[in-house]
>>> print(open('work-v2.txt').read())   # compact mmCIF, C-alpha atoms and all ligand atoms
# COMPACT_ATOMS: atom_id res chain seq x y z
CA MET J 30 18.11 -94.04 53.39
CA THR J 31 18.81 -92.54 49.95
CA PRO J 32 22.10 -93.78 48.38
CA PRO J 33 24.61 -90.99 47.61
CA ALA J 34 24.08 -89.44 44.16
CA GLN J 35 26.55 -90.37 41.40
CA PRO J 36 29.18 -87.67 40.72
CA ARG J 37 28.01 -85.52 37.82
CA GLU J 38 29.65 -82.65 36.03
CA ARG J 39 26.57 -81.55 34.15
CA LEU J 40 23.75 -79.64 35.77
CA ARG J 41 20.36 -81.33 35.66
CA VAL J 42 17.21 -79.23 35.88
CA ALA J 43 13.76 -80.76 36.42
CA ILE J 44 10.83 -79.05 34.78
CA GLN J 45 7.18 -79.99 34.32
CA LYS J 46 6.67 -82.29 31.35
CA SER J 47 3.32 -80.77 30.45
CA GLY J 48 0.88 -78.66 32.39
CA ARG J 49 0.97 -74.98 33.16
CA LEU J 50 4.62 -74.48 34.02
CA GLY J 51 6.30 -76.75 31.43
CA GLU J 52 6.29 -74.43 28.45
CA PRO J 53 7.14 -71.18 30.27
CA ALA J 54 9.98 -73.00 32.04
CA ARG J 55 11.42 -74.19 28.72
CA ASP J 56 10.95 -70.75 27.21
CA LEU J 57 12.80 -69.17 30.12
CA LEU J 58 15.73 -71.58 29.77
CA ALA J 59 15.78 -71.12 25.99
CA SER J 60 15.88 -67.33 26.49
CA CYS J 61 19.04 -67.96 28.55
CA GLY J 62 20.69 -69.34 25.41
CA LEU J 63 20.20 -73.02 26.22
CA THR J 64 19.61 -75.47 23.40
CA TRP J 65 18.96 -79.19 23.71
CA ARG J 66 18.74 -82.50 21.93
CA GLU J 67 15.57 -84.33 23.01
CA SER J 68 15.53 -88.03 23.83
CA ARG J 69 13.12 -90.10 21.74
CA ASP J 70 10.69 -90.48 24.67
CA LYS J 71 10.90 -86.69 25.27
CA LEU J 72 11.65 -87.21 28.97
CA PHE J 73 15.25 -86.02 28.82
CA CYS J 74 16.88 -83.13 26.96
CA TYR J 75 20.65 -83.14 26.55
CA GLY J 76 22.05 -79.60 26.78
CA GLU J 77 24.11 -78.69 23.72
CA SER J 78 25.08 -75.06 24.29
CA LEU J 79 25.80 -75.48 28.02
CA PRO J 80 26.24 -78.57 30.23
CA VAL J 81 22.67 -78.18 31.47
CA ASP J 82 20.29 -81.10 30.90
CA LEU J 83 16.54 -81.13 31.45
CA LEU J 84 14.44 -83.84 33.01
CA LEU J 85 10.74 -83.62 32.12
CA VAL J 86 8.54 -84.89 34.95
CA ARG J 87 5.30 -84.45 36.92
CA ASP J 88 5.58 -81.28 38.99
CA ASP J 89 4.86 -83.12 42.25
CA ASP J 90 7.99 -85.23 41.71
CA ILE J 91 10.35 -82.26 41.33
CA PRO J 92 11.16 -81.59 45.02
CA GLY J 93 11.82 -85.30 45.67
CA LEU J 94 14.12 -85.57 42.65
CA ILE J 95 16.20 -82.65 43.92
CA ALA J 96 16.16 -83.97 47.48
CA ASP J 97 17.47 -87.33 46.24
CA GLY J 98 20.21 -85.65 44.18
CA VAL J 99 18.81 -86.99 40.90
CA CYS J 100 18.38 -83.37 39.77
CA ASP J 101 20.13 -80.23 40.95
CA LEU J 102 17.47 -77.60 40.38
CA GLY J 103 13.81 -77.53 39.45
CA ILE J 104 11.24 -75.07 38.19
CA VAL J 105 8.11 -75.61 40.22
CA GLY J 106 5.24 -73.78 41.91
CA ARG J 107 5.94 -72.59 45.45
CA ASN J 108 2.80 -74.49 46.49
CA VAL J 109 4.49 -77.81 45.62
CA LEU J 110 7.75 -76.84 47.30
CA VAL J 111 6.07 -75.69 50.52
CA GLU J 112 4.02 -78.89 50.71
CA HIS J 113 7.21 -80.95 50.27
CA GLY J 114 8.96 -79.02 53.07
CA LEU J 115 6.04 -79.46 55.45
CA GLU J 116 5.80 -83.17 54.64
CA ARG J 117 9.47 -83.57 55.53
CA ALA J 118 9.02 -81.60 58.72
CA ALA J 119 6.10 -83.86 59.64
CA GLN J 120 8.48 -86.82 59.29
CA GLY J 121 10.88 -85.06 61.65
CA ARG J 122 13.44 -84.48 58.89
CA PRO J 123 15.32 -81.18 58.43
CA ALA J 124 14.48 -78.80 55.57
CA ASP J 125 16.46 -79.77 52.47
CA LEU J 126 15.27 -77.40 49.71
CA THR J 127 14.84 -73.67 49.33
CA GLU J 128 13.69 -71.15 46.73
CA TRP J 129 16.76 -70.05 44.82
CA ARG J 130 14.83 -67.58 42.71
CA GLN J 131 11.27 -66.29 42.29
CA LEU J 132 10.31 -66.09 38.66
CA GLY J 133 7.35 -63.69 38.67
CA TRP J 134 4.99 -65.91 36.64
CA GLY J 135 2.74 -68.90 37.36
CA ALA J 136 1.03 -66.81 40.03
CA CYS J 137 -1.89 -68.42 41.84
CA ARG J 138 -3.29 -68.64 45.37
CA LEU J 139 -4.14 -71.55 47.60
CA ASP J 140 -7.61 -70.56 48.82
CA VAL J 141 -10.24 -72.01 51.07
CA ALA J 142 -13.60 -71.91 49.27
CA ILE J 143 -17.10 -72.51 50.54
CA GLU J 144 -20.51 -72.88 48.90
CA GLU J 145 -21.49 -69.70 47.08
CA GLN J 146 -24.61 -68.92 49.11
CA GLN J 147 -22.97 -69.64 52.48
CA GLU J 148 -21.99 -66.83 54.80
CA TRP J 149 -18.34 -66.60 55.89
CA THR J 150 -17.74 -65.62 59.48
CA GLY J 151 -14.10 -66.67 59.78
CA PRO J 152 -11.80 -69.71 60.03
CA GLU J 153 -13.55 -71.00 63.19
CA GLN J 154 -16.48 -71.83 60.91
CA LEU J 155 -14.35 -74.69 59.51
CA GLU J 156 -14.21 -76.50 62.87
CA GLY J 157 -15.06 -80.17 62.41
CA LEU J 158 -15.58 -79.87 58.64
CA ARG J 159 -14.09 -82.03 55.89
CA ILE J 160 -11.85 -79.98 53.58
CA ALA J 161 -10.93 -81.44 50.17
CA THR J 162 -7.40 -80.51 49.09
CA SER J 163 -4.27 -81.67 47.29
CA TYR J 164 -2.18 -79.74 49.86
CA PRO J 165 -2.95 -81.38 53.22
CA ARG J 166 0.26 -80.23 54.95
CA THR J 167 -0.06 -76.60 53.91
CA LEU J 168 -3.72 -76.64 54.88
CA GLY J 169 -2.87 -78.42 58.15
CA ARG J 170 -0.30 -75.77 59.08
CA TRP J 171 -2.79 -72.99 58.43
CA LEU J 172 -5.55 -74.72 60.40
CA GLN J 173 -3.16 -75.15 63.29
CA GLU J 174 -2.23 -71.46 63.16
CA GLN J 175 -5.95 -70.64 63.28
CA GLY J 176 -6.54 -73.06 66.16
CA VAL J 177 -9.11 -74.92 64.08
CA ASP J 178 -9.57 -78.68 64.08
CA ALA J 179 -10.82 -79.87 60.68
CA GLU J 180 -10.33 -82.98 58.56
CA PRO J 181 -8.33 -82.71 55.30
CA VAL J 182 -9.67 -85.02 52.57
CA VAL J 183 -6.78 -85.61 50.17
CA LEU J 184 -7.65 -85.60 46.45
CA ASN J 185 -5.12 -85.31 43.63
CA GLY J 186 -7.43 -83.57 41.17
CA SER J 187 -10.97 -82.29 40.60
CA VAL J 188 -10.98 -81.00 44.15
CA GLU J 189 -13.74 -78.49 43.38
CA ILE J 190 -16.42 -81.11 42.78
CA ALA J 191 -15.85 -82.85 46.14
CA PRO J 192 -18.61 -80.90 47.98
CA ARG J 193 -21.16 -81.79 45.28
CA LEU J 194 -20.16 -85.44 45.48
CA GLY J 195 -20.57 -85.37 49.25
CA GLN J 196 -16.87 -86.16 49.81
CA ALA J 197 -16.16 -82.90 51.63
CA ASP J 198 -17.88 -79.81 53.02
CA VAL J 199 -15.50 -77.17 51.67
CA VAL J 200 -12.35 -77.11 49.51
CA CYS J 201 -8.84 -75.71 49.63
CA ASP J 202 -7.39 -75.46 46.13
CA LEU J 203 -5.37 -73.38 43.71
CA VAL J 204 -7.14 -70.37 42.23
CA SER J 205 -6.16 -67.79 39.69
CA SER J 206 -9.16 -66.45 37.75
CA GLY J 207 -11.66 -68.04 40.13
CA GLY J 208 -13.53 -69.50 37.13
CA THR J 209 -13.27 -73.11 38.29
CA LEU J 210 -14.69 -72.26 41.72
CA ARG J 211 -17.56 -70.27 40.18
CA ALA J 212 -18.34 -73.12 37.80
CA ASN J 213 -18.73 -75.33 40.85
CA GLN J 214 -20.87 -72.83 42.81
CA LEU J 215 -18.05 -72.14 45.27
CA ARG J 216 -16.48 -68.88 46.38
CA PRO J 217 -13.01 -68.19 47.82
CA VAL J 218 -13.07 -66.86 51.38
CA THR J 219 -9.45 -66.82 52.50
CA THR J 220 -5.97 -67.25 51.02
CA ILE J 221 -3.55 -69.53 52.81
CA LEU J 222 -0.60 -69.29 50.39
CA HIS J 223 0.47 -66.99 47.55
CA SER J 224 2.34 -68.95 44.92
CA GLU J 225 4.40 -68.37 41.79
CA ALA J 226 6.93 -70.38 39.82
CA VAL J 227 10.29 -70.62 41.57
CA ILE J 228 13.69 -72.17 41.05
CA ALA J 229 13.97 -74.81 43.73
CA GLY J 230 17.36 -76.07 44.80
CA PRO J 231 19.12 -77.70 47.72
CA SER J 232 19.71 -75.62 50.86
CA GLY J 233 23.48 -75.98 50.48
CA THR J 234 25.78 -75.65 47.48
CA LEU J 235 26.25 -78.20 44.68
CA ASP J 236 29.29 -80.42 44.24
CA ASP J 237 31.54 -81.52 41.34
CA GLY J 238 31.70 -78.09 39.70
CA ARG J 239 27.94 -77.96 39.23
CA GLN J 240 27.61 -74.90 41.47
CA GLU J 241 29.66 -72.94 38.94
CA ILE J 242 27.34 -73.97 36.12
CA ALA J 243 24.33 -73.17 38.33
CA ASP J 244 25.73 -69.71 39.09
CA LEU J 245 26.18 -69.01 35.39
CA LEU J 246 22.66 -70.21 34.65
CA LEU J 247 21.20 -68.15 37.51
CA ARG J 248 22.97 -65.02 36.28
CA ARG J 249 21.39 -65.56 32.88
CA ILE J 250 17.99 -66.26 34.45
CA ASP J 251 18.22 -63.05 36.49
CA GLY J 252 19.02 -61.15 33.29
CA ALA J 253 16.20 -62.83 31.38
CA VAL J 254 13.67 -62.15 34.16
CA GLN J 255 14.76 -58.52 34.40
CA LEU J 256 14.60 -58.13 30.63
CA LYS J 257 11.11 -59.61 30.50
CA GLU J 258 9.91 -57.08 33.06
CA SER J 259 11.62 -54.12 31.38
CA ARG J 260 9.90 -51.60 29.12
CA LEU J 261 11.20 -48.48 27.45
CA LEU J 262 8.85 -45.54 27.93
CA MET J 263 9.32 -42.77 25.34
CA LEU J 264 7.55 -39.44 25.09
CA ARG J 265 7.97 -35.85 23.93
CA VAL J 266 7.15 -32.81 26.01
CA ALA J 267 7.46 -29.01 25.74
CA ARG J 268 10.30 -27.72 27.95
CA SER J 269 7.74 -25.63 29.87
CA ASP J 270 5.84 -28.84 30.86
CA LEU J 271 8.88 -30.90 31.81
CA ASP J 272 8.60 -30.02 35.51
CA ALA J 273 5.01 -31.31 35.55
CA VAL J 274 5.78 -34.50 33.62
CA GLY J 275 9.06 -35.42 35.43
CA PRO J 276 7.52 -36.40 38.79
CA LEU J 277 4.88 -38.53 37.04
CA LEU J 278 7.42 -40.76 35.27
CA PRO J 279 7.22 -44.33 36.59
CA ALA J 280 10.07 -45.43 38.86
CA GLY J 281 12.95 -46.86 36.87
CA HIS J 282 16.37 -45.84 35.66
CA GLU J 283 17.43 -42.20 35.42
CA PRO J 284 15.52 -40.74 32.40
CA THR J 285 17.46 -39.63 29.32
CA VAL J 286 16.31 -36.19 28.15
CA THR J 287 17.31 -35.03 24.64
CA GLN J 288 16.66 -31.72 22.89
CA VAL J 289 14.40 -32.05 19.82
CA GLU J 290 16.02 -30.24 16.85
CA GLY J 291 14.50 -26.85 16.06
CA ARG J 292 11.71 -27.02 18.68
CA ASP J 293 11.31 -25.97 22.28
CA GLU J 294 10.68 -29.63 23.13
CA VAL J 295 12.56 -32.56 24.63
CA ALA J 296 12.36 -36.30 24.01
CA VAL J 297 12.38 -38.35 27.21
CA GLN J 298 13.14 -42.04 27.50
CA VAL J 299 13.15 -44.10 30.67
CA LEU J 300 13.71 -47.80 31.32
CA VAL J 301 10.86 -49.01 33.52
CA HIS J 302 10.55 -52.23 35.52
CA GLY J 303 7.11 -53.80 35.13
CA PRO J 304 4.14 -52.85 32.99
CA VAL J 305 3.17 -49.21 32.42
CA PRO J 306 -0.60 -49.00 33.04
CA TRP J 307 -2.89 -47.02 30.73
CA ALA J 308 -3.82 -44.74 33.63
CA LYS J 309 -0.16 -43.72 33.98
CA LEU J 310 0.04 -42.84 30.26
CA GLU J 311 -3.15 -40.79 30.59
CA ASP J 312 -1.72 -38.90 33.61
CA LEU J 313 1.44 -38.12 31.62
CA LYS J 314 -0.59 -36.93 28.65
CA ARG J 315 -2.70 -34.65 30.84
CA ALA J 316 0.52 -33.13 32.20
CA GLY J 317 1.64 -32.26 28.65
CA ALA J 318 3.43 -35.35 27.32
CA ALA J 319 2.81 -36.40 23.70
CA ASN J 320 3.87 -39.25 21.38
CA LEU J 321 3.85 -41.67 24.30
CA MET J 322 5.21 -45.08 23.47
CA VAL J 323 5.95 -48.17 25.59
CA LEU J 324 8.34 -50.61 23.94
CA PRO J 325 9.47 -54.10 24.98
CA VAL J 326 13.21 -54.51 25.53
CA GLU J 327 14.81 -57.29 23.47
CA GLY J 328 18.34 -57.12 24.81
CA MET J 329 20.35 -55.14 27.33
CA LEU J 330 24.06 -54.84 28.10
CA ALA J 331 25.04 -52.22 30.66
N1 LIG N 401 -5.11 -71.76 37.77
C1 LIG N 401 -3.82 -71.56 37.86
N2 LIG N 401 -3.29 -70.41 37.49
C2 LIG N 401 -1.98 -70.20 37.57
N3 LIG N 401 -1.10 -71.10 38.04
C3 LIG N 401 -1.58 -72.25 38.41
C4 LIG N 401 -2.96 -72.53 38.34
N4 LIG N 401 -3.14 -73.77 38.74
C5 LIG N 401 -1.93 -74.24 39.05
N5 LIG N 401 -0.99 -73.33 38.87
C6 LIG N 401 0.47 -73.46 39.10
O1 LIG N 401 0.97 -74.34 38.09
C7 LIG N 401 1.49 -75.52 38.70
C8 LIG N 401 1.23 -76.69 37.78
O2 LIG N 401 -0.17 -76.81 37.61
P1 LIG N 401 -0.78 -77.99 36.76
O3 LIG N 401 -2.26 -77.84 36.82
O4 LIG N 401 -0.12 -78.05 35.44
O5 LIG N 401 -0.28 -79.20 37.67
P2 LIG N 401 -0.59 -80.74 37.63
O6 LIG N 401 -1.93 -81.00 37.04
O7 LIG N 401 -0.30 -81.21 39.03
O8 LIG N 401 0.52 -81.28 36.61
P3 LIG N 401 1.41 -82.60 36.61
O9 LIG N 401 0.86 -83.42 35.51
O10 LIG N 401 2.80 -82.12 36.30
O11 LIG N 401 1.34 -83.23 37.97
C9 LIG N 401 0.79 -75.58 40.06
O12 LIG N 401 1.52 -76.35 41.01
C10 LIG N 401 0.73 -74.13 40.44
O13 LIG N 401 1.97 -73.67 40.94
O1 LIG N 402 -9.09 -70.08 39.19
P1 LIG N 402 -8.95 -70.77 37.86
O2 LIG N 402 -8.33 -69.88 36.83
O3 LIG N 402 -10.20 -71.39 37.39
O4 LIG N 402 -7.88 -71.93 38.06
C1 LIG N 402 -8.04 -72.91 39.07
C2 LIG N 402 -7.85 -74.29 38.54
O5 LIG N 402 -6.58 -74.40 37.89
C3 LIG N 402 -5.93 -75.57 38.39
O6 LIG N 402 -6.32 -76.69 37.70
P2 LIG N 402 -5.96 -76.95 36.16
O7 LIG N 402 -6.82 -76.13 35.28
O8 LIG N 402 -4.50 -76.73 35.97
O9 LIG N 402 -6.34 -78.44 35.97
P3 LIG N 402 -5.92 -79.71 36.85
O10 LIG N 402 -6.97 -79.78 37.93
O11 LIG N 402 -5.98 -80.82 35.87
O12 LIG N 402 -4.54 -79.48 37.40
C4 LIG N 402 -6.43 -75.67 39.83
O13 LIG N 402 -6.29 -76.98 40.34
C5 LIG N 402 -7.87 -75.24 39.71
O14 LIG N 402 -8.71 -76.34 39.43
MG MG N 403 0.99 -82.44 39.71
>>> encode(input="work-v2.txt", output="structure tokens")
Amino acid sequence: MTPPAQPRERLRVAIQKSGRLGEPARDLLASCGLTWRESRDKLFCYGESLPVDLLLVRDDDIPGLIADGVCDLGIVGRNVLVEHGLERAAQGRPADLTEWRQLGWGACRLDVAIEEQQEWTGPEQLEGLRIATSYPRTLGRWLQEQGVDAEPVVLNGSVEIAPRLGQADVVCDLVSSGGTLRANQLRPVTTILHSEAVIAGPSGTLDDGRQEIADLLLRRIDGAVQLKESRLLMLRVARSDLDAVGPLLPAGHEPTVTQVEGRDEVAVQVLVHGPVPWAKLEDLKRAGAANLMVLPVEGMLA
């Protein structure tokens, strides 16, 4: 039984100490106006601009730290959070954490991969095989859904070399570019989880005034995430071509159309969510748009 957490009036956020998500997590929080004083061992950062402190830890420890009330929120991959939830369920305990926000970065997939030259006929092919993974619960759930009985072999790292070492027949691991699988003569055959970085938090609300601080932080995070995804698309077009260009503009806010002095032309600007692909710019140009520009947005206040 976990002892009740000490009352705290400062919010504590767990992030990865190093690894893939550590730096982007810090950058995100810094873009929310947070500044810190680092402890000498660099494991704790005391929030100066807001009562929000950081705890720098291994990513696998983040769900447990929140569950135990040591931290209030965490920035972690969905893959780690899902595995934690399934582990708890396996122990017959109720779900304690949820995704408070999806952050839109740190994207990867949890894939099953087999030897490159092997044919893939479907999940039933895995029956009776040994599957190396760091995510036995997530894999176990998927196998159960597929009605397949296989044996997870739990490894904390270097999962991809397990088949070559004779420890397993196939693997189930995180993939983004696929380079690690290829380097180990493996190929992905099915995805069992799509992951990205998320804000993990308790299923209920926080106590001691920390919910208010969390709400403020989340509002800033929402703004920062939206800002990061926003672009300003600018172009000029002859009035006669405006009807052709208008429908091709990417979805976003209502465009602003301004008359260009002394010419039968207008300048159009539109705030777009997400990247504007080259193909879209080429379509607009073909329809008569010129001086196309896509600019990042540094700040926004409606
Ligand atoms: N190849 C990848 N591309 C994109 N995101 C990834 C990739 N691999 C992992 N991730 C995401 O980044 C998270 C952290 O990955 P990382 O490899 O840094 O973890 P780790 O080695 O377990 O680190 P730690 O030392 O904190 O335990 C993963 O849980 C996953 O959500
Ligand atoms: O599809 P790819 O782009 O090749 O990425 C996949 C690799 O990335 C992760 O490991 P990471 O590189 O973070 O090293 P780790 O095993 O030490 O965590 C993951 O465990 C895979 O091994
Ligand atoms: Mg880890």
>>> closest_atom_pairs(input="work-v2.txt", of="chain J", to="ligand MG 403 (chain N)", cutoff="10 Å", atoms="all atoms listed in the file", output="Markdown table")
| residue | atom | partner | partner_atom | distance |
| --- | --- | --- | --- | --- |
| J:Gln45 | CA | N:MG403 | MG | 8.6 |
| J:Ser47 | CA | N:MG403 | MG | 9.7 |
| J:Gly48 | CA | N:MG403 | MG | 8.2 |
| J:Arg49 | CA | N:MG403 | MG | 9.9 |
| J:Val86 | CA | N:MG403 | MG | 9.3 |
| J:Arg87 | CA | N:MG403 | MG | 5.5 |
| J:Asp88 | CA | N:MG403 | MG | 4.8 |
| J:Asp89 | CA | N:MG403 | MG | 4.7 |
| J:Asp90 | CA | N:MG403 | MG | 7.8 |
| J:Ile91 | CA | N:MG403 | MG | 9.5 |
| J:Val105 | CA | N:MG403 | MG | 9.9 |
| J:Gly106 | CA | N:MG403 | MG | 9.9 |
| J:Val109 | CA | N:MG403 | MG | 8.3 |
| J:Ser163 | CA | N:MG403 | MG | 9.3 |
| J:Asn185 | CA | N:MG403 | MG | 7.8 |
| J:Gly186 | CA | N:MG403 | MG | 8.6 |
>>> residues_around(input="work-v2.txt", residues="Val274 of chain J", least_positions_apart="3", cutoff="9 Å", atoms="all atoms listed in the file", output="list in words")
Val266, Asp270, Leu271, Leu277, Leu278, Asp312, Leu313, Lys314, Arg315, Ala316, Gly317 and Ala318 of chain J
>>> atom_distance(input="work-v2.txt", atom1="atom CA of Gly103 of chain J", atom2="atom O2 of ligand LIG 402 (chain N)")
23.6 Å
>>> residues_near_ligand(input="work-v2.txt", ligand="ligand LIG 402 (chain N)", cutoff="9 Å", atoms="all atoms listed in the file", output="list in words")
Gly48, Arg49, Cys137, Arg138, Ser163, Asn185, Gly186, Ser187, Val188, Glu189, Asp202, Leu203, Val204, Ser205, Ser206, Gly207, Gly208, Thr209, Leu210, Arg211 and Ala212 of chain J
>>> write_last_selection(input="work-v2.txt", atoms="C-alpha atoms", output="compact mmCIF listing (two decimals), keeping the file's coordinate frame")
# COMPACT_ATOMS: atom_id res chain seq x y z
CA GLY J 48 0.88 -78.66 32.39
CA ARG J 49 0.97 -74.98 33.16
CA CYS J 137 -1.89 -68.42 41.84
CA ARG J 138 -3.29 -68.64 45.37
CA SER J 163 -4.27 -81.67 47.29
CA ASN J 185 -5.12 -85.31 43.63
CA GLY J 186 -7.43 -83.57 41.17
CA SER J 187 -10.97 -82.29 40.60
CA VAL J 188 -10.98 -81.00 44.15
CA GLU J 189 -13.74 -78.49 43.38
CA ASP J 202 -7.39 -75.46 46.13
CA LEU J 203 -5.37 -73.38 43.71
CA VAL J 204 -7.14 -70.37 42.23
CA SER J 205 -6.16 -67.79 39.69
CA SER J 206 -9.16 -66.45 37.75
CA GLY J 207 -11.66 -68.04 40.13
CA GLY J 208 -13.53 -69.50 37.13
CA THR J 209 -13.27 -73.11 38.29
CA LEU J 210 -14.69 -72.26 41.72
CA ARG J 211 -17.56 -70.27 40.18
CA ALA J 212 -18.34 -73.12 37.80
>>> closest_residue(input="work-v2.txt", among="J:Pro325, J:Ala96, J:Glu290, J:Trp65", to="Asp82 of chain J", atoms="all atoms listed in the file")
J:Trp65
>>> residues_around(input="work-v2.txt", residues="segment 152-157 of chain J", least_positions_apart="4", cutoff="10 Å", atoms="all atoms listed in the file", output="NGL selection string")
:J and (141 or 143 or 148 or 171-172 or 175-180 or 198-199 or 218-219)
>>> closest_residue(input="work-v2.txt", among="J:Val254, J:Ile228, J:Leu57, J:Leu194", to="ligand LIG 401 (chain N)", atoms="only C-alpha atoms and all ligand atoms")
J:Ile228
>>> closest_residue(input="work-v2.txt", among="J:Glu225, J:Glu77, J:Glu144, J:Glu67", to="ligand LIG 401 (chain N)", atoms="only C-alpha atoms and all ligand atoms")
J:Glu225
>>> residues_around(input="work-v2.txt", residues="Thr285 of chain J", least_positions_apart="6", cutoff="12 Å", atoms="all atoms listed in the file", output="number ranges by chain")
J: 261-265, 275, 278, 295-300
>>> atom_distance(input="work-v2.txt", atom1="atom O9 of ligand LIG 401 (chain N)", atom2="atom CA of Arg66 of chain J")
22.5 Å
>>> residues_around(input="work-v2.txt", residues="Ile104 of chain J", least_positions_apart="5", cutoff="12 Å", atoms="only C-alpha atoms", output="NGL selection string")
:J and (41-46 or 49-58 or 83-92 or 94-95 or 109-110 or 127-132 or 134-135 or 225-230 or 250)
>>> atom_distance(input="work-v2.txt", atom1="atom CA of Leu324 of chain J", atom2="atom CA of Arg260 of chain J")
5.5 Å
>>> closest_residue(input="work-v2.txt", among="J:Ser68, J:Ser224, J:Thr287, J:Gln173", to="ligand LIG 401 (chain N)", atoms="all atoms listed in the file")
J:Ser224
>>> closest_residue(input="work-v2.txt", among="J:Leu79, J:Phe73, J:Glu38, J:Asp125", to="Leu245 of chain J", atoms="all atoms listed in the file")
J:Leu79
>>> axis_aligned_box(input="work-v2.txt", around="ligand LIG 401 (chain N)", padding_each_side="5 Å", output="AutoDock Vina command-line options")
--center_x -1.2 --center_y -76.8 --center_z 38.2 --size_x 17.9 --size_y 23.2 --size_z 15.6
>>> closest_residue(input="work-v2.txt", among="J:Asp101, J:Gly114, J:Pro217, J:Ala136", to="ligand LIG 401 (chain N)", atoms="only C-alpha atoms and all ligand atoms")
J:Ala136
>>> residues_around(input="work-v2.txt", residues="Val182 of chain J", least_positions_apart="3", cutoff="8 Å", atoms="all atoms listed in the file", output="number ranges by chain")
J: 159-162, 165, 196-197
